[in-house]
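Next comes target_30.tsv, with TSV, N, CA and C atoms.
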chain	number	residue	atom	x	y	z
T	1	MET	N	-15.70	24.49	38.05
T	1	MET	CA	-15.91	23.92	36.74
T	1	MET	C	-14.77	24.30	35.79
T	2	ALA	N	-14.33	25.58	35.84
T	2	ALA	CA	-13.26	26.04	34.98
T	2	ALA	C	-11.96	25.29	35.28
T	3	ALA	N	-11.70	24.99	36.55
T	3	ALA	CA	-10.49	24.27	36.93
T	3	ALA	C	-10.50	22.86	36.32
T	4	ARG	N	-11.65	22.23	36.31
T	4	ARG	CA	-11.77	20.88	35.73
T	4	ARG	C	-11.52	20.93	34.22
T	5	GLU	N	-12.06	21.95	33.56
T	5	GLU	CA	-11.85	22.10	32.12
T	5	GLU	C	-10.38	22.37	31.82
T	6	ASP	N	-9.74	23.20	32.66
T	6	ASP	CA	-8.32	23.48	32.48
T	6	ASP	C	-7.50	22.20	32.65
T	7	GLU	N	-7.84	21.42	33.68
T	7	GLU	CA	-7.14	20.17	33.92
T	7	GLU	C	-7.30	19.21	32.74
T	8	GLN	N	-8.49	19.15	32.19
T	8	GLN	CA	-8.74	18.27	31.05
T	8	GLN	C	-7.93	18.73	29.83
T	9	ARG	N	-7.88	20.03	29.59
T	9	ARG	CA	-7.09	20.56	28.47
T	9	ARG	C	-5.61	20.23	28.66
T	10	VAL	N	-5.13	20.35	29.89
T	10	VAL	CA	-3.73	20.04	30.16
T	10	VAL	C	-3.47	18.55	29.91
T	11	GLN	N	-4.37	17.69	30.39
T	11	GLN	CA	-4.21	16.25	30.17
T	11	GLN	C	-4.22	15.91	28.67
T	12	GLU	N	-5.12	16.53	27.93
T	12	GLU	CA	-5.18	16.30	26.49
T	12	GLU	C	-3.91	16.78	25.80
T	13	ALA	N	-3.39	17.92	26.24
T	13	ALA	CA	-2.15	18.44	25.66
T	13	ALA	C	-0.99	17.50	25.96
T	14	VAL	N	-0.92	16.99	27.19
T	14	VAL	CA	0.15	16.05	27.56
T	14	VAL	C	0.03	14.78	26.75
T	15	GLN	N	-1.18	14.25	26.61
T	15	GLN	CA	-1.38	13.03	25.82
T	15	GLN	C	-0.98	13.26	24.36
T	16	GLY	N	-1.33	14.42	23.82
T	16	GLY	CA	-0.94	14.74	22.45
T	16	GLY	C	0.57	14.82	22.30
T	17	HIS	N	1.22	15.43	23.27
T	17	HIS	CA	2.68	15.53	23.23
T	17	HIS	C	3.32	14.15	23.31
T	18	VAL	N	2.83	13.32	24.20
T	18	VAL	CA	3.37	11.96	24.35
T	18	VAL	C	3.18	11.18	23.05
T	19	ARG	N	1.99	11.28	22.45
T	19	ARG	CA	1.70	10.59	21.19
T	19	ARG	C	2.63	11.10	20.08
T	20	ASN	N	2.77	12.41	19.95
T	20	ASN	CA	3.64	12.97	18.92
T	20	ASN	C	5.09	12.57	19.14
T	21	SER	N	5.53	12.54	20.38
T	21	SER	CA	6.90	12.12	20.69
T	21	SER	C	7.10	10.65	20.32
T	22	ALA	N	6.12	9.83	20.62
T	22	ALA	CA	6.22	8.40	20.29
T	22	ALA	C	6.29	8.21	18.78
T	23	PHE	N	5.44	8.94	18.02
T	23	PHE	CA	5.48	8.83	16.57
T	23	PHE	C	6.83	9.30	16.02
T	24	ALA	N	7.36	10.38	16.55
T	24	ALA	CA	8.65	10.90	16.09
T	24	ALA	C	9.76	9.88	16.36
T	25	GLU	N	9.73	9.27	17.53
T	25	GLU	CA	10.74	8.26	17.87
T	25	GLU	C	10.60	7.04	16.96
T	26	ALA	N	9.36	6.62	16.71
T	26	ALA	CA	9.13	5.49	15.82
T	26	ALA	C	9.64	5.78	14.42
T	27	GLU	N	9.42	6.99	13.92
T	27	GLU	CA	9.91	7.37	12.59
T	27	GLU	C	11.42	7.32	12.53
T	28	LYS	N	12.09	7.75	13.61
T	28	LYS	CA	13.55	7.69	13.65
T	28	LYS	C	14.03	6.24	13.56
T	29	VAL	N	13.39	5.37	14.34
T	29	VAL	CA	13.78	3.96	14.36
T	29	VAL	C	13.53	3.33	12.99
T	30	ILE	N	12.37	3.60	12.41
T	30	ILE	CA	12.05	3.04	11.10
T	30	ILE	C	13.04	3.53	10.05
T	31	SER	N	13.35	4.82	10.07
T	31	SER	CA	14.33	5.37	9.12
T	31	SER	C	15.69	4.72	9.29
T	32	PHE	N	16.09	4.50	10.53
T	32	PHE	CA	17.37	3.86	10.80
T	32	PHE	C	17.39	2.44	10.25
T	33	VAL	N	16.33	1.68	10.50
T	33	VAL	CA	16.26	0.30	10.03
T	33	VAL	C	16.25	0.26	8.50
T	34	LEU	N	15.43	1.12	7.89
T	34	LEU	CA	15.32	1.11	6.43
T	34	LEU	C	16.60	1.57	5.74
T	35	SER	N	17.43	2.31	6.43
T	35	SER	CA	18.68	2.78	5.82
T	35	SER	C	19.78	1.71	5.87
T	36	ASP	N	19.57	0.66	6.61
T	36	ASP	CA	20.56	-0.41	6.70
T	36	ASP	C	20.77	-1.02	5.31
T	37	PRO	N	22.02	-1.16	4.87
T	37	PRO	CA	22.29	-1.71	3.53
T	37	PRO	C	21.67	-3.09	3.30
T	38	ARG	N	21.62	-3.93	4.33
T	38	ARG	CA	21.03	-5.26	4.16
T	38	ARG	C	19.53	-5.18	3.94
T	39	VAL	N	18.89	-4.22	4.60
T	39	VAL	CA	17.45	-4.03	4.41
T	39	VAL	C	17.20	-3.49	3.01
T	40	GLN	N	18.02	-2.57	2.56
T	40	GLN	CA	17.86	-2.03	1.20
T	40	GLN	C	18.09	-3.12	0.16
T	41	GLN	N	19.06	-3.98	0.40
T	41	GLN	CA	19.33	-5.08	-0.52
T	41	GLN	C	18.13	-6.04	-0.56
T	42	ALA	N	17.57	-6.34	0.60
T	42	ALA	CA	16.39	-7.21	0.65
T	42	ALA	C	15.22	-6.57	-0.09
T	43	ARG	N	15.03	-5.27	0.09
T	43	ARG	CA	13.96	-4.57	-0.60
T	43	ARG	C	14.14	-4.65	-2.12
T	44	GLU	N	15.36	-4.46	-2.57
T	44	GLU	CA	15.65	-4.55	-4.00
T	44	GLU	C	15.36	-5.95	-4.54
T	45	GLN	N	15.70	-6.97	-3.76
T	45	GLN	CA	15.43	-8.34	-4.18
T	45	GLN	C	13.93	-8.61	-4.26
T	46	VAL	N	13.18	-8.11	-3.29
T	46	VAL	CA	11.73	-8.28	-3.31
T	46	VAL	C	11.14	-7.56	-4.52
T	47	GLU	N	11.56	-6.33	-4.76
T	47	GLU	CA	11.05	-5.58	-5.91
T	47	GLU	C	11.38	-6.29	-7.22
T	48	ALA	N	12.57	-6.86	-7.33
T	48	ALA	CA	12.94	-7.58	-8.55
T	48	ALA	C	12.05	-8.81	-8.74
T	49	ALA	N	11.80	-9.54	-7.65
T	49	ALA	CA	10.94	-10.72	-7.73
T	49	ALA	C	9.50	-10.32	-8.09
T	50	GLU	N	9.01	-9.22	-7.51
T	50	GLU	CA	7.66	-8.75	-7.81
T	50	GLU	C	7.54	-8.33	-9.27
T	51	THR	N	8.56	-7.68	-9.77
T	51	THR	CA	8.57	-7.24	-11.17
T	51	THR	C	8.62	-8.44	-12.11
T	52	GLU	N	9.46	-9.41	-11.81
T	52	GLU	CA	9.57	-10.61	-12.63
T	52	GLU	C	8.24	-11.38	-12.66
T	53	LEU	N	7.65	-11.57	-11.49
T	53	LEU	CA	6.36	-12.27	-11.43
T	53	LEU	C	5.28	-11.48	-12.16
T	54	GLY	N	5.31	-10.15	-12.02
T	54	GLY	CA	4.34	-9.32	-12.73
T	54	GLY	C	4.44	-9.50	-14.23
T	55	ARG	N	5.66	-9.56	-14.74
T	55	ARG	CA	5.86	-9.78	-16.18
T	55	ARG	C	5.35	-11.17	-16.60
T	56	GLU	N	5.65	-12.17	-15.77
T	56	GLU	CA	5.22	-13.53	-16.09
T	56	GLU	C	3.69	-13.64	-16.16
T	57	LEU	N	3.00	-12.91	-15.30
T	57	LEU	CA	1.54	-13.00	-15.24
T	57	LEU	C	0.83	-12.07	-16.23
T	58	ARG	N	1.56	-11.18	-16.85
T	58	ARG	CA	0.94	-10.14	-17.69
T	58	ARG	C	0.07	-10.72	-18.80
T	59	ALA	N	0.56	-11.71	-19.50
T	59	ALA	CA	-0.20	-12.25	-20.63
T	59	ALA	C	-1.58	-12.73	-20.18
T	60	ARG	N	-1.66	-13.32	-19.02
T	60	ARG	CA	-2.93	-13.85	-18.52
T	60	ARG	C	-3.79	-12.79	-17.84
T	61	LEU	N	-3.16	-11.80	-17.18
T	61	LEU	CA	-3.92	-10.85	-16.36
T	61	LEU	C	-4.10	-9.47	-16.98
T	62	GLN	N	-3.48	-9.20	-18.12
T	62	GLN	CA	-3.63	-7.89	-18.77
T	62	GLN	C	-5.09	-7.52	-19.02
T	63	PRO	N	-5.99	-8.46	-19.35
T	63	PRO	CA	-7.39	-8.08	-19.55
T	63	PRO	C	-8.01	-7.40	-18.31
T	64	PHE	N	-7.54	-7.76	-17.12
T	64	PHE	CA	-8.03	-7.11	-15.91
T	64	PHE	C	-7.59	-5.64	-15.87
T	65	GLN	N	-6.35	-5.37	-16.30
T	65	GLN	CA	-5.86	-4.00	-16.37
T	65	GLN	C	-6.66	-3.20	-17.38
T	66	ASP	N	-6.92	-3.81	-18.53
T	66	ASP	CA	-7.70	-3.14	-19.57
T	66	ASP	C	-9.11	-2.81	-19.06
T	67	ARG	N	-9.72	-3.76	-18.37
T	67	ARG	CA	-11.06	-3.56	-17.82
T	67	ARG	C	-11.05	-2.45	-16.78
T	68	TYR	N	-10.03	-2.42	-15.93
T	68	TYR	CA	-9.90	-1.37	-14.91
T	68	TYR	C	-9.78	0.00	-15.57
T	69	GLU	N	-8.89	0.12	-16.55
T	69	GLU	CA	-8.70	1.40	-17.23
T	69	GLU	C	-9.98	1.87	-17.91
T	70	GLN	N	-10.72	0.93	-18.51
T	70	GLN	CA	-11.98	1.29	-19.15
T	70	GLN	C	-12.99	1.77	-18.11
T	71	ALA	N	-13.06	1.10	-16.97
T	71	ALA	CA	-13.97	1.51	-15.90
T	71	ALA	C	-13.62	2.90	-15.38
T	72	VAL	N	-12.34	3.20	-15.28
T	72	VAL	CA	-11.91	4.53	-14.84
T	72	VAL	C	-12.32	5.57	-15.88
T	73	ARG	N	-12.06	5.28	-17.16
T	73	ARG	CA	-12.44	6.23	-18.22
T	73	ARG	C	-13.94	6.48	-18.24
T	74	ASP	N	-14.73	5.39	-18.04
T	74	ASP	CA	-16.19	5.50	-18.10
T	74	ASP	C	-16.81	5.99	-16.79
T	75	GLY	N	-16.01	6.03	-15.73
T	75	GLY	CA	-16.56	6.38	-14.42
T	75	GLY	C	-17.52	5.32	-13.93
T	76	ASP	N	-17.24	4.07	-14.25
T	76	ASP	CA	-18.11	2.93	-13.91
T	76	ASP	C	-17.88	2.53	-12.45
T	77	ALA	N	-18.59	3.19	-11.56
T	77	ALA	CA	-18.41	2.95	-10.12
T	77	ALA	C	-18.75	1.52	-9.74
T	78	ALA	N	-19.77	0.94	-10.36
T	78	ALA	CA	-20.15	-0.44	-10.04
T	78	ALA	C	-19.01	-1.39	-10.35
T	79	ARG	N	-18.38	-1.22	-11.48
T	79	ARG	CA	-17.26	-2.09	-11.86
T	79	ARG	C	-16.08	-1.86	-10.92
T	80	LEU	N	-15.81	-0.59	-10.60
T	80	LEU	CA	-14.67	-0.27	-9.74
T	80	LEU	C	-14.85	-0.80	-8.33
T	81	THR	N	-16.07	-0.85	-7.83
T	81	THR	CA	-16.26	-1.37	-6.47
T	81	THR	C	-16.08	-2.88	-6.40
T	82	GLY	N	-16.10	-3.56	-7.53
T	82	GLY	CA	-15.87	-5.00	-7.54
T	82	GLY	C	-14.41	-5.38	-7.68
T	83	ILE	N	-13.56	-4.37	-7.79
T	83	ILE	CA	-12.13	-4.62	-7.94
T	83	ILE	C	-11.49	-4.76	-6.56
T	84	CYS	N	-10.47	-5.56	-6.49
T	84	CYS	CA	-9.75	-5.82	-5.24
T	84	CYS	C	-9.35	-4.51	-4.56
T	85	PRO	N	-9.56	-4.43	-3.25
T	85	PRO	CA	-9.13	-3.23	-2.53
T	85	PRO	C	-7.63	-3.22	-2.23
T	86	GLY	N	-6.92	-4.28	-2.60
T	86	GLY	CA	-5.49	-4.36	-2.31
T	86	GLY	C	-4.72	-3.32	-3.09
T	87	LYS	N	-3.89	-2.58	-2.40
T	87	LYS	CA	-3.09	-1.57	-3.07
T	87	LYS	C	-1.89	-1.20	-2.22
T	88	HIS	N	-0.97	-0.64	-2.88
T	88	HIS	CA	0.16	0.02	-2.26
T	88	HIS	C	0.20	1.39	-2.90
T	89	GLY	N	-0.77	2.22	-2.53
T	89	GLY	CA	-0.93	3.52	-3.16
T	89	GLY	C	0.31	4.37	-3.12
T	90	ARG	N	1.05	4.31	-2.03
T	90	ARG	CA	2.26	5.12	-1.91
T	90	ARG	C	3.28	4.76	-2.98
T	91	TRP	N	3.25	3.51	-3.42
T	91	TRP	CA	4.18	3.05	-4.44
T	91	TRP	C	3.52	2.96	-5.82
T	92	GLY	N	2.35	3.52	-5.96
T	92	GLY	CA	1.69	3.55	-7.26
T	92	GLY	C	1.15	2.22	-7.72
T	93	ARG	N	0.76	1.37	-6.79
T	93	ARG	CA	0.24	0.06	-7.14
T	93	ARG	C	-1.24	-0.03	-6.79
T	94	ILE	N	-2.03	-0.47	-7.74
T	94	ILE	CA	-3.44	-0.75	-7.49
T	94	ILE	C	-3.72	-2.10	-8.10
T	95	CYS	N	-4.22	-3.02	-7.30
T	95	CYS	CA	-4.56	-4.34	-7.82
T	95	CYS	C	-5.81	-4.21	-8.69
T	96	VAL	N	-5.75	-4.77	-9.89
T	96	VAL	CA	-6.86	-4.65	-10.83
T	96	VAL	C	-7.68	-5.93	-10.95
T	97	LEU	N	-7.36	-6.92	-10.13
T	97	LEU	CA	-8.10	-8.17	-10.17
T	97	LEU	C	-9.42	-8.02	-9.41
T	98	ASP	N	-10.27	-9.03	-9.53
T	98	ASP	CA	-11.55	-9.01	-8.82
T	98	ASP	C	-11.34	-9.14	-7.32
T	99	ASP	N	-12.21	-8.52	-6.56
T	99	ASP	CA	-12.17	-8.64	-5.11
T	99	ASP	C	-12.29	-10.12	-4.75
T	100	GLY	N	-11.45	-10.59	-3.86
T	100	GLY	CA	-11.47	-11.99	-3.42
T	100	GLY	C	-10.58	-12.91	-4.24
T	101	HIS	N	-9.82	-12.35	-5.17
T	101	HIS	CA	-8.99	-13.19	-6.05
T	101	HIS	C	-7.97	-14.01	-5.29
T	102	GLU	N	-7.54	-13.52	-4.11
T	102	GLU	CA	-6.51	-14.26	-3.36
T	102	GLU	C	-7.02	-15.63	-2.95
T	103	THR	N	-8.30	-15.75	-2.67
T	103	THR	CA	-8.84	-17.04	-2.24
T	103	THR	C	-9.49	-17.80	-3.38
T	104	SER	N	-10.22	-17.10	-4.26
T	104	SER	CA	-10.93	-17.81	-5.32
T	104	SER	C	-10.00	-18.21	-6.47
T	105	LEU	N	-9.14	-17.32	-6.90
T	105	LEU	CA	-8.23	-17.61	-8.02
T	105	LEU	C	-6.83	-18.00	-7.56
T	106	LYS	N	-6.55	-17.78	-6.30
T	106	LYS	CA	-5.22	-18.06	-5.73
T	106	LYS	C	-4.12	-17.28	-6.49
T	107	GLU	N	-4.43	-16.02	-6.80
T	107	GLU	CA	-3.49	-15.15	-7.49
T	107	GLU	C	-2.98	-14.08	-6.53
T	108	PRO	N	-1.72	-13.65	-6.70
T	108	PRO	CA	-1.25	-12.50	-5.92
T	108	PRO	C	-1.94	-11.24	-6.44
T	109	HIS	N	-1.75	-10.13	-5.76
T	109	HIS	CA	-2.23	-8.85	-6.29
T	109	HIS	C	-1.46	-8.60	-7.58
T	110	TRP	N	-2.12	-7.98	-8.58
T	110	TRP	CA	-1.45	-7.71	-9.84
T	110	TRP	C	-1.95	-6.40	-10.42
T	111	GLY	N	-1.05	-5.67	-11.01
T	111	GLY	CA	-1.39	-4.41	-11.67
T	111	GLY	C	-0.14	-3.81	-12.27
T	112	LEU	N	-0.18	-2.52	-12.47
T	112	LEU	CA	0.99	-1.81	-13.00
T	112	LEU	C	1.55	-0.91	-11.91
T	113	ASN	N	2.87	-0.76	-11.89
T	113	ASN	CA	3.47	0.15	-10.92
T	113	ASN	C	3.40	1.58	-11.46
T	114	SER	N	3.97	2.52	-10.73
T	114	SER	CA	3.88	3.93	-11.12
T	114	SER	C	4.61	4.22	-12.43
T	115	GLU	N	5.50	3.34	-12.85
T	115	GLU	CA	6.19	3.50	-14.13
T	115	GLU	C	5.46	2.79	-15.26
T	116	GLY	N	4.32	2.18	-14.96
T	116	GLY	CA	3.54	1.49	-15.99
T	116	GLY	C	4.01	0.08	-16.28
T	117	GLN	N	4.86	-0.46	-15.42
T	117	GLN	CA	5.36	-1.82	-15.60
T	117	GLN	C	4.53	-2.79	-14.79
T	118	PRO	N	4.31	-4.02	-15.30
T	118	PRO	CA	3.53	-5.00	-14.55
T	118	PRO	C	4.25	-5.40	-13.26
T	119	ILE	N	3.45	-5.60	-12.23
T	119	ILE	CA	4.02	-5.98	-10.94
T	119	ILE	C	3.01	-6.85	-10.20
T	120	ALA	N	3.51	-7.82	-9.48
T	120	ALA	CA	2.66	-8.69	-8.66
T	120	ALA	C	3.22	-8.66	-7.25
T	121	TRP	N	2.34	-8.68	-6.26
T	121	TRP	CA	2.79	-8.60	-4.87
T	121	TRP	C	1.80	-9.29	-3.95
T	122	VAL	N	2.30	-9.59	-2.77
T	122	VAL	CA	1.51	-10.21	-1.72
T	122	VAL	C	1.38	-9.19	-0.60
T	123	GLY	N	0.21	-9.08	-0.02
T	123	GLY	CA	-0.01	-8.12	1.08
T	123	GLY	C	-0.48	-6.80	0.53
T	124	SER	N	-0.85	-5.92	1.43
T	124	SER	CA	-1.38	-4.64	1.05
T	124	SER	C	-1.02	-3.62	2.11
T	125	ALA	N	-1.11	-2.37	1.74
T	125	ALA	CA	-0.85	-1.27	2.67
T	125	ALA	C	-1.77	-0.13	2.30
T	126	PRO	N	-2.22	0.62	3.28
T	126	PRO	CA	-3.07	1.77	2.96
T	126	PRO	C	-2.28	2.86	2.24
T	127	ASP	N	-2.99	3.73	1.54
T	127	ASP	CA	-2.34	4.80	0.78
T	127	ASP	C	-1.46	5.69	1.64
T	128	ASP	N	-1.85	5.90	2.87
T	128	ASP	CA	-1.13	6.86	3.71
T	128	ASP	C	-0.11	6.19	4.60
T	129	TRP	N	0.22	4.96	4.35
T	129	TRP	CA	1.16	4.24	5.20
T	129	TRP	C	2.55	4.70	4.97
Could you write out this file's structure as structure tokens?
Amino acid sequence: MAAREDEQRVQEAVQGHVRNSAFAEAEKVISFVLSDPRVQQAREQVEAAETELGRELRARLQPFQDRYEQAVRDGDAARLTGICPGKHGRWGRICVLDDGHETSLKEPHWGLNSEGQPIAWVGSAPDDW
């Protein structure tokens, strides 16, 4: 029985090592790709377009930001659960529109970035991405 447990621990350790090695290699590749000047230029162009669109939509969508901030101040969990789950938490973006806005209102995600500037974007990423 002990031999089987030892074998299982060894297999788990090998699998963990393989997984960690794969993640490390993937991070190297991603870092290499992201460091490419053309990729950085494309990222800057996307950010500029998102910022411009965010500014254009601000007059119409600012009430959603105000409502979100009020819900946060009040701890209004019911209101907060009705807000779009779309976010780019790593970049300080939280969509403040109603859940389902992409289909019902045909609006991109909208909110403020980490600098407090309006921003609009398409797609989402988890906080830990």
Check: Between atom C of T:Leu112 and atom CA of T:Gly92, what is the spacing in Å?
Finding: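 Distance between the two atoms: 6.4 Å.
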Note to self: Counting all atoms listed in the file, which residues sit no farther than 5 Å from the position (-10.4, -8.8, -1.4) in the file's frame? I'd like them as a list of chain:residue names.
What the structure shows: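 Neighbouring residues, ordered by chain and number, come to T:Cys84, T:Pro85, T:Asp99, T:Gly100.
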Might I get the box with edges along x, y and z of the file that holds all atoms of stretch 30-39 of chain T listed there, padded by 8 Å on every side, given as centre and edge lengths in Å to one decimal, as lines of an AutoDock Vina configuration file?
center_x = 17.2
center_y = 0.1
center_z = 7.7
size_x = 26.2
size_y = 26.6
size_z = 25.4
Check: Residues at most 12 Å from T:Arg79, counting only C-alpha atoms, excluding those fewer than 3 positions away in the same chain, as a count of residues only?
Finding: 18
Notebook entry, point to check: Which residues in chain T does DSSP call alpha helix (DSSP H)? List them as a PyMOL selection string.
Noted result: chain T and resi 2-35+37-74+77-81+101-104
Note to self: Rounded to one decimal, what separation in Å do you get between atom CA of T:Ala77 and atom CA of T:Ala59?
What the structure shows: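 Interatomic distance here is 25.9 Å.
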Note to self: Just checking: using only C-alpha atoms, which residue out of T:Arg93, T:His101, T:Lys28, T:His17 ends up closest to T:Asn113?
What the structure shows: T:Arg93
Notebook entry, point to check: So what do you get for atom N of T:Glu107 versus atom N of T:Ile119, distance-wise?
Noted result: 14.1 Å
Check: From the set T:Glu102, T:Ser31, T:Leu80, T:Trp91, which residue has the shortest atom-to-atom contact distance to T:Ser114, counting only C-alpha atoms?
Finding: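 Closest to T:Ser114 of all the choices is T:Trp91.
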Item checked: Residue set, chain T restricted to strand (DSSP E), as an MDAnalysis selection string -> chainID T and resid 87:88 93:94 109:112 118:121
Margin query: When you look at T:Gly123 with a cut-off of 6.5 Å (counting all atoms listed in the file), what residues show up, excluding the ones that are within fewer than 3 positions of it in the same chain? I need them as a list in words.
Written below: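 My reading of the contact set: Gly86, Lys87 and His109 of chain T.
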Can you fill out stretch 73-90 of chain T with N, CA, C and O atoms and hand it back as a PDB file, keeping the file's coordinate frame?
ATOM      1  N   ARG T  73     -12.060   5.280 -17.160  1.00  0.00           N
ATOM      2  CA  ARG T  73     -12.440   6.230 -18.220  1.00  0.00           C
ATOM      3  C   ARG T  73     -13.940   6.480 -18.240  1.00  0.00           C
ATOM      4  O   ARG T  73     -14.392   7.598 -18.435  1.00  0.00           O
ATOM      5  N   ASP T  74     -14.730   5.390 -18.040  1.00  0.00           N
ATOM      6  CA  ASP T  74     -16.190   5.500 -18.100  1.00  0.00           C
ATOM      7  C   ASP T  74     -16.810   5.990 -16.790  1.00  0.00           C
ATOM      8  O   ASP T  74     -17.997   6.272 -16.747  1.00  0.00           O
ATOM      9  N   GLY T  75     -16.010   6.030 -15.730  1.00  0.00           N
ATOM     10  CA  GLY T  75     -16.560   6.380 -14.420  1.00  0.00           C
ATOM     11  C   GLY T  75     -17.520   5.320 -13.930  1.00  0.00           C
ATOM     12  O   GLY T  75     -18.514   5.614 -13.263  1.00  0.00           O
ATOM     13  N   ASP T  76     -17.240   4.070 -14.250  1.00  0.00           N
ATOM     14  CA  ASP T  76     -18.110   2.930 -13.910  1.00  0.00           C
ATOM     15  C   ASP T  76     -17.880   2.530 -12.450  1.00  0.00           C
ATOM     16  O   ASP T  76     -17.087   1.642 -12.140  1.00  0.00           O
ATOM     17  N   ALA T  77     -18.590   3.190 -11.560  1.00  0.00           N
ATOM     18  CA  ALA T  77     -18.410   2.950 -10.120  1.00  0.00           C
ATOM     19  C   ALA T  77     -18.750   1.520  -9.740  1.00  0.00           C
ATOM     20  O   ALA T  77     -18.092   0.921  -8.890  1.00  0.00           O
ATOM     21  N   ALA T  78     -19.770   0.940 -10.360  1.00  0.00           N
ATOM     22  CA  ALA T  78     -20.150  -0.440 -10.040  1.00  0.00           C
ATOM     23  C   ALA T  78     -19.010  -1.390 -10.350  1.00  0.00           C
ATOM     24  O   ALA T  78     -18.687  -2.282  -9.550  1.00  0.00           O
ATOM     25  N   ARG T  79     -18.380  -1.220 -11.480  1.00  0.00           N
ATOM     26  CA  ARG T  79     -17.260  -2.090 -11.860  1.00  0.00           C
ATOM     27  C   ARG T  79     -16.080  -1.860 -10.920  1.00  0.00           C
ATOM     28  O   ARG T  79     -15.430  -2.788 -10.470  1.00  0.00           O
ATOM     29  N   LEU T  80     -15.810  -0.590 -10.600  1.00  0.00           N
ATOM     30  CA  LEU T  80     -14.670  -0.270  -9.740  1.00  0.00           C
ATOM     31  C   LEU T  80     -14.850  -0.800  -8.330  1.00  0.00           C
ATOM     32  O   LEU T  80     -13.868  -1.167  -7.678  1.00  0.00           O
ATOM     33  N   THR T  81     -16.070  -0.850  -7.830  1.00  0.00           N
ATOM     34  CA  THR T  81     -16.260  -1.370  -6.470  1.00  0.00           C
ATOM     35  C   THR T  81     -16.080  -2.880  -6.400  1.00  0.00           C
ATOM     36  O   THR T  81     -15.880  -3.413  -5.317  1.00  0.00           O
ATOM     37  N   GLY T  82     -16.100  -3.560  -7.530  1.00  0.00           N
ATOM     38  CA  GLY T  82     -15.870  -5.000  -7.540  1.00  0.00           C
ATOM     39  C   GLY T  82     -14.410  -5.380  -7.680  1.00  0.00           C
ATOM     40  O   GLY T  82     -14.058  -6.546  -7.678  1.00  0.00           O
ATOM     41  N   ILE T  83     -13.560  -4.370  -7.790  1.00  0.00           N
ATOM     42  CA  ILE T  83     -12.130  -4.620  -7.940  1.00  0.00           C
ATOM     43  C   ILE T  83     -11.490  -4.760  -6.560  1.00  0.00           C
ATOM     44  O   ILE T  83     -11.909  -4.137  -5.590  1.00  0.00           O
ATOM     45  N   CYS T  84     -10.470  -5.560  -6.490  1.00  0.00           N
ATOM     46  CA  CYS T  84      -9.750  -5.820  -5.240  1.00  0.00           C
ATOM     47  C   CYS T  84      -9.350  -4.510  -4.560  1.00  0.00           C
ATOM     48  O   CYS T  84      -8.836  -3.601  -5.205  1.00  0.00           O
ATOM     49  N   PRO T  85      -9.560  -4.430  -3.250  1.00  0.00           N
ATOM     50  CA  PRO T  85      -9.130  -3.230  -2.530  1.00  0.00           C
ATOM     51  C   PRO T  85      -7.630  -3.220  -2.230  1.00  0.00           C
ATOM     52  O   PRO T  85      -7.111  -2.261  -1.680  1.00  0.00           O
ATOM     53  N   GLY T  86      -6.920  -4.280  -2.600  1.00  0.00           N
ATOM     54  CA  GLY T  86      -5.490  -4.360  -2.310  1.00  0.00           C
ATOM     55  C   GLY T  86      -4.720  -3.320  -3.090  1.00  0.00           C
ATOM     56  O   GLY T  86      -4.874  -3.192  -4.305  1.00  0.00           O
ATOM     57  N   LYS T  87      -3.890  -2.580  -2.400  1.00  0.00           N
ATOM     58  CA  LYS T  87      -3.090  -1.570  -3.070  1.00  0.00           C
ATOM     59  C   LYS T  87      -1.890  -1.200  -2.220  1.00  0.00           C
ATOM     60  O   LYS T  87      -1.846  -1.434  -1.027  1.00  0.00           O
ATOM     61  N   HIS T  88      -0.970  -0.640  -2.880  1.00  0.00           N
ATOM     62  CA  HIS T  88       0.160   0.020  -2.260  1.00  0.00           C
ATOM     63  C   HIS T  88       0.200   1.390  -2.900  1.00  0.00           C
ATOM     64  O   HIS T  88       1.018   1.675  -3.770  1.00  0.00           O
ATOM     65  N   GLY T  89      -0.770   2.220  -2.530  1.00  0.00           N
ATOM     66  CA  GLY T  89      -0.930   3.520  -3.160  1.00  0.00           C
ATOM     67  C   GLY T  89       0.310   4.370  -3.120  1.00  0.00           C
ATOM     68  O   GLY T  89       0.609   5.099  -4.055  1.00  0.00           O
ATOM     69  N   ARG T  90       1.050   4.310  -2.030  1.00  0.00           N
ATOM     70  CA  ARG T  90       2.260   5.120  -1.910  1.00  0.00           C
ATOM     71  C   ARG T  90       3.280   4.760  -2.980  1.00  0.00           C
ATOM     72  O   ARG T  90       4.080   5.575  -3.397  1.00  0.00           O
TER      73      ARG T  90
END
